file run.txt (compact mmCIF, N, CA and C atoms)
# COMPACT_ATOMS: atom_id res chain seq x y z
N MET C 1 15.37 32.33 13.30
CA MET C 1 15.13 31.06 12.66
C MET C 1 14.35 30.16 13.63
N VAL C 2 13.31 29.52 13.14
CA VAL C 2 12.48 28.64 13.94
C VAL C 2 13.26 27.37 14.29
N HIS C 3 12.92 26.78 15.43
CA HIS C 3 13.64 25.60 15.92
C HIS C 3 13.64 24.46 14.89
N LYS C 4 12.51 24.24 14.23
CA LYS C 4 12.47 23.15 13.25
C LYS C 4 13.37 23.45 12.05
N ASP C 5 13.52 24.71 11.71
CA ASP C 5 14.43 25.08 10.61
C ASP C 5 15.88 24.82 11.01
N LYS C 6 16.20 25.06 12.27
CA LYS C 6 17.55 24.76 12.76
C LYS C 6 17.83 23.27 12.69
N ARG C 7 16.82 22.48 13.05
CA ARG C 7 16.97 21.02 12.96
C ARG C 7 17.25 20.59 11.52
N LEU C 8 16.51 21.18 10.59
CA LEU C 8 16.69 20.84 9.18
C LEU C 8 18.07 21.26 8.70
N GLU C 9 18.52 22.43 9.08
CA GLU C 9 19.86 22.89 8.67
C GLU C 9 20.95 21.98 9.23
N HIS C 10 20.77 21.52 10.45
CA HIS C 10 21.73 20.58 11.04
C HIS C 10 21.74 19.27 10.25
N LEU C 11 20.58 18.82 9.85
CA LEU C 11 20.47 17.59 9.06
C LEU C 11 21.15 17.76 7.70
N LYS C 12 20.94 18.90 7.07
CA LYS C 12 21.56 19.16 5.77
C LYS C 12 23.07 19.32 5.88
N ALA C 13 23.53 19.92 6.96
CA ALA C 13 24.96 20.20 7.12
C ALA C 13 25.79 18.93 7.26
N ASN C 14 25.26 17.93 7.92
CA ASN C 14 26.05 16.72 8.12
C ASN C 14 25.14 15.49 8.17
N PRO C 15 24.67 15.03 7.02
CA PRO C 15 23.78 13.86 7.00
C PRO C 15 24.46 12.56 7.40
N LYS C 16 25.79 12.57 7.54
CA LYS C 16 26.51 11.36 7.93
C LYS C 16 26.52 11.15 9.44
N ALA C 17 26.19 12.18 10.20
CA ALA C 17 26.27 12.09 11.65
C ALA C 17 24.95 12.46 12.31
N VAL C 18 23.88 11.83 11.88
CA VAL C 18 22.56 12.11 12.43
C VAL C 18 22.06 10.86 13.14
N SER C 19 21.68 11.02 14.38
CA SER C 19 21.15 9.87 15.10
C SER C 19 19.71 9.62 14.65
N PHE C 20 19.24 8.42 14.89
CA PHE C 20 17.87 8.08 14.53
C PHE C 20 16.90 9.00 15.26
N GLU C 21 17.18 9.26 16.52
CA GLU C 21 16.30 10.12 17.32
C GLU C 21 16.24 11.54 16.77
N GLU C 22 17.38 12.07 16.32
CA GLU C 22 17.40 13.41 15.72
C GLU C 22 16.58 13.44 14.43
N LEU C 23 16.73 12.40 13.63
CA LEU C 23 16.02 12.33 12.36
C LEU C 23 14.51 12.28 12.60
N VAL C 24 14.10 11.44 13.53
CA VAL C 24 12.67 11.32 13.85
C VAL C 24 12.13 12.64 14.41
N ALA C 25 12.87 13.28 15.28
CA ALA C 25 12.43 14.56 15.85
C ALA C 25 12.27 15.63 14.76
N THR C 26 13.18 15.64 13.80
CA THR C 26 13.09 16.60 12.70
C THR C 26 11.88 16.32 11.84
N LEU C 27 11.67 15.05 11.49
CA LEU C 27 10.50 14.69 10.69
C LEU C 27 9.20 15.07 11.41
N LYS C 28 9.13 14.77 12.69
CA LYS C 28 7.92 15.08 13.46
C LYS C 28 7.70 16.59 13.55
N ALA C 29 8.77 17.37 13.61
CA ALA C 29 8.64 18.83 13.67
C ALA C 29 7.97 19.38 12.42
N PHE C 30 8.11 18.66 11.31
CA PHE C 30 7.49 19.09 10.06
C PHE C 30 6.18 18.37 9.78
N GLY C 31 5.62 17.71 10.79
CA GLY C 31 4.30 17.12 10.67
C GLY C 31 4.27 15.66 10.23
N PHE C 32 5.40 15.03 10.10
CA PHE C 32 5.43 13.63 9.68
C PHE C 32 5.09 12.72 10.85
N GLU C 33 4.59 11.55 10.51
CA GLU C 33 4.35 10.50 11.51
C GLU C 33 5.36 9.40 11.25
N VAL C 34 5.99 8.92 12.30
CA VAL C 34 6.98 7.85 12.20
C VAL C 34 6.51 6.73 13.12
N LYS C 35 6.19 5.58 12.51
CA LYS C 35 5.63 4.47 13.29
C LYS C 35 6.35 3.17 12.97
N ASN C 36 6.37 2.31 13.96
CA ASN C 36 6.94 0.98 13.80
C ASN C 36 5.79 -0.01 13.88
N TYR C 37 5.36 -0.51 12.71
CA TYR C 37 4.22 -1.42 12.66
C TYR C 37 4.60 -2.86 12.95
N SER C 38 5.82 -3.24 12.61
CA SER C 38 6.20 -4.64 12.69
C SER C 38 6.94 -5.01 13.98
N GLY C 39 7.40 -4.02 14.72
CA GLY C 39 8.19 -4.31 15.90
C GLY C 39 9.65 -4.55 15.56
N GLY C 40 10.01 -4.43 14.29
CA GLY C 40 11.38 -4.65 13.86
C GLY C 40 12.17 -3.36 13.83
N SER C 41 13.19 -3.33 12.98
CA SER C 41 14.09 -2.18 12.95
C SER C 41 13.66 -1.10 11.96
N HIS C 42 12.66 -1.37 11.11
CA HIS C 42 12.23 -0.39 10.11
C HIS C 42 11.01 0.39 10.60
N PHE C 43 11.07 1.71 10.40
CA PHE C 43 10.00 2.60 10.80
C PHE C 43 9.38 3.23 9.55
N SER C 44 8.08 3.23 9.49
CA SER C 44 7.35 3.78 8.36
C SER C 44 7.12 5.28 8.56
N VAL C 45 7.31 6.05 7.49
CA VAL C 45 7.16 7.50 7.55
C VAL C 45 6.00 7.91 6.65
N SER C 46 5.12 8.76 7.17
CA SER C 46 4.01 9.28 6.37
C SER C 46 3.69 10.69 6.83
N HIS C 47 2.87 11.37 6.04
CA HIS C 47 2.43 12.71 6.41
C HIS C 47 0.92 12.73 6.29
N PRO C 48 0.21 13.14 7.36
CA PRO C 48 -1.26 13.07 7.33
C PRO C 48 -1.91 13.96 6.27
N ARG C 49 -1.31 15.08 5.94
CA ARG C 49 -1.91 15.97 4.93
C ARG C 49 -1.60 15.53 3.50
N TYR C 50 -0.48 14.88 3.31
CA TYR C 50 -0.04 14.49 1.97
C TYR C 50 0.28 12.99 1.97
N PRO C 51 -0.72 12.15 2.05
CA PRO C 51 -0.48 10.72 2.22
C PRO C 51 0.19 10.03 1.04
N VAL C 52 0.06 10.54 -0.15
CA VAL C 52 0.60 9.81 -1.30
C VAL C 52 1.90 10.38 -1.84
N PHE C 53 2.31 11.55 -1.39
CA PHE C 53 3.50 12.14 -2.00
C PHE C 53 4.76 11.35 -1.71
N VAL C 54 4.80 10.65 -0.59
CA VAL C 54 6.00 9.90 -0.21
C VAL C 54 6.13 8.64 -1.06
N LEU C 55 5.06 8.20 -1.69
CA LEU C 55 5.07 6.93 -2.41
C LEU C 55 5.97 6.92 -3.63
N ARG C 56 6.55 8.04 -3.98
CA ARG C 56 7.48 8.07 -5.12
C ARG C 56 8.73 7.25 -4.84
N GLU C 57 9.00 6.97 -3.60
CA GLU C 57 10.19 6.20 -3.20
C GLU C 57 9.86 5.47 -1.91
N PRO C 58 10.68 4.52 -1.50
CA PRO C 58 10.39 3.81 -0.25
C PRO C 58 10.22 4.78 0.92
N ASN C 59 9.28 4.47 1.79
CA ASN C 59 9.01 5.40 2.89
C ASN C 59 9.32 4.78 4.25
N SER C 60 10.38 4.01 4.32
CA SER C 60 10.77 3.48 5.61
C SER C 60 12.22 3.86 5.92
N ILE C 61 12.50 3.93 7.21
CA ILE C 61 13.84 4.26 7.67
C ILE C 61 14.25 3.20 8.69
N PRO C 62 15.36 2.51 8.43
CA PRO C 62 15.82 1.55 9.43
C PRO C 62 16.57 2.24 10.56
N ARG C 63 16.39 1.71 11.73
CA ARG C 63 17.08 2.27 12.90
C ARG C 63 18.49 1.70 12.95
N HIS C 64 19.47 2.57 12.84
CA HIS C 64 20.88 2.18 12.94
C HIS C 64 21.51 2.91 14.11
N ARG C 65 22.49 2.32 14.69
CA ARG C 65 23.21 2.96 15.78
C ARG C 65 24.67 3.08 15.40
N PRO C 66 25.38 4.11 15.68
CA PRO C 66 24.92 5.30 16.37
C PRO C 66 24.25 6.31 15.44
N HIS C 67 24.40 6.13 14.11
CA HIS C 67 23.83 7.09 13.16
C HIS C 67 23.06 6.35 12.08
N VAL C 68 22.06 7.04 11.52
CA VAL C 68 21.37 6.48 10.36
C VAL C 68 22.29 6.64 9.16
N LEU C 69 22.09 5.81 8.17
CA LEU C 69 22.90 5.93 6.96
C LEU C 69 22.57 7.24 6.25
N PRO C 70 23.55 7.87 5.62
CA PRO C 70 23.31 9.16 4.96
C PRO C 70 22.20 9.14 3.91
N VAL C 71 22.01 8.02 3.25
CA VAL C 71 20.96 7.94 2.22
C VAL C 71 19.58 8.20 2.84
N TYR C 72 19.36 7.74 4.07
CA TYR C 72 18.06 7.95 4.72
C TYR C 72 17.91 9.38 5.21
N ALA C 73 18.99 9.99 5.64
CA ALA C 73 18.94 11.40 6.04
C ALA C 73 18.63 12.26 4.82
N ARG C 74 19.27 11.97 3.69
CA ARG C 74 19.01 12.75 2.47
C ARG C 74 17.58 12.55 1.98
N ARG C 75 17.07 11.32 2.11
CA ARG C 75 15.69 11.04 1.70
C ARG C 75 14.73 11.84 2.58
N ALA C 76 15.00 11.92 3.87
CA ALA C 76 14.15 12.70 4.78
C ALA C 76 14.19 14.18 4.41
N ILE C 77 15.35 14.68 4.03
CA ILE C 77 15.47 16.08 3.61
C ILE C 77 14.58 16.32 2.39
N LYS C 78 14.58 15.40 1.43
CA LYS C 78 13.73 15.55 0.25
C LYS C 78 12.26 15.55 0.63
N TRP C 79 11.87 14.67 1.54
CA TRP C 79 10.47 14.63 1.98
C TRP C 79 10.07 15.95 2.62
N ILE C 80 10.92 16.47 3.49
CA ILE C 80 10.62 17.74 4.17
C ILE C 80 10.52 18.87 3.15
N GLU C 81 11.43 18.91 2.19
CA GLU C 81 11.38 19.98 1.19
C GLU C 81 10.13 19.87 0.32
N ARG C 82 9.69 18.66 0.02
CA ARG C 82 8.44 18.50 -0.74
C ARG C 82 7.25 19.04 0.03
N VAL C 83 7.18 18.72 1.31
CA VAL C 83 6.07 19.22 2.13
C VAL C 83 6.12 20.74 2.21
N ARG C 84 7.30 21.30 2.37
CA ARG C 84 7.42 22.77 2.40
C ARG C 84 6.92 23.38 1.09
N GLU C 85 7.27 22.79 -0.04
CA GLU C 85 6.80 23.30 -1.33
C GLU C 85 5.28 23.23 -1.42
N LEU C 86 4.72 22.11 -0.97
CA LEU C 86 3.27 21.97 -1.01
C LEU C 86 2.60 22.97 -0.08
N GLU C 87 3.18 23.19 1.09
CA GLU C 87 2.63 24.17 2.03
C GLU C 87 2.71 25.57 1.46
N GLU C 88 3.82 25.92 0.86
CA GLU C 88 3.98 27.26 0.27
C GLU C 88 3.02 27.45 -0.88
N GLY C 89 2.80 26.42 -1.67
CA GLY C 89 1.84 26.50 -2.78
C GLY C 89 0.44 26.75 -2.29
N LYS C 90 0.07 26.13 -1.18
CA LYS C 90 -1.27 26.34 -0.61
C LYS C 90 -1.41 27.76 -0.08
N GLN C 91 -0.35 28.31 0.53
CA GLN C 91 -0.41 29.66 1.07
C GLN C 91 -0.51 30.68 -0.05
N ASN C 92 0.12 30.41 -1.18
CA ASN C 92 0.06 31.33 -2.32
C ASN C 92 -1.31 31.31 -2.99
N ASP C 93 -2.06 30.22 -2.84
CA ASP C 93 -3.39 30.12 -3.45
C ASP C 93 -4.43 30.93 -2.70
N VAL C 94 -4.17 31.20 -1.44
CA VAL C 94 -5.16 31.91 -0.62
C VAL C 94 -5.19 33.37 -0.92

call {"tool": "encode", "arguments": {"input": "run.txt", "output": "structure tokens"}}
result
Amino acid sequence: MVHKDKRLEHLKANPKAVSFEELVATLKAFGFEVKNYSGGSHFSVSHPRYPVFVLREPNSIPRHRPHVLPVYARRAIKWIERVRELEEGKQNDV
């Protein structure tokens, strides 16, 4: 199993106990960009290959300590799974 897949499985196994740093590392492993434009506690999430797919729902994650809220971990899981589906669809077209 690839390291990024292990990160995703850890995220899925316990979304209530994920640190902000773990969540960001997992998103970045799947090609996402996580940026703080305002200098505040909310970080914007986007993907350079699929810029509009995230727009179906809010694309920010607030930084909480010691763990992010489970709703944001679950939202990140959905984003990662969407990108995987899009990537697999592109590979099947070739």

call {"tool": "closest_residue", "arguments": {"input": "run.txt", "among": "C:Lys16, C:His47, C:His67, C:Arg7", "to": "Glu33 (chain C)", "atoms": "all atoms listed in the file"}}
result
C:His47

call {"tool": "closest_residue", "arguments": {"input": "run.txt", "among": "C:Val2, C:Ile61, C:Val83, C:Leu11", "to": "Arg49 (chain C)", "atoms": "only C-alpha atoms"}}
result
C:Val83

call {"tool": "closest_residue", "arguments": {"input": "run.txt", "among": "C:Phe20, C:Tyr37, C:Ala29, C:Ala13", "to": "Pro62 (chain C)", "atoms": "all atoms listed in the file"}}
result
C:Phe20

call {"tool": "select_by_dssp", "arguments": {"input": "run.txt", "residues": "chain C", "states": "helix (DSSP H, G or I)", "output": "VMD selection string"}}
result
chain C and resid 3 to 13 20 to 29 53 to 56 70 to 93

call {"tool": "select_by_dssp", "arguments": {"input": "run.txt", "residues": "chain C", "states": "strand (DSSP E or B)", "output": "PyMOL selection string"}}
result
chain C and resi 33-35+42-46+60-62

call {"tool": "residues_around", "arguments": {"input": "run.txt", "residues": "Asn36 (chain C)", "least_positions_apart": "5", "cutoff": "12 Å", "atoms": "only C-alpha atoms", "output": "NGL selection string"}}
result
:C and (24 or 41-46 or 59-63)

call {"tool": "atom_distance", "arguments": {"input": "run.txt", "atom1": "atom N of Glu9 (chain C)", "atom2": "atom C of Glu88 (chain C)"}}
result
19.1 Å
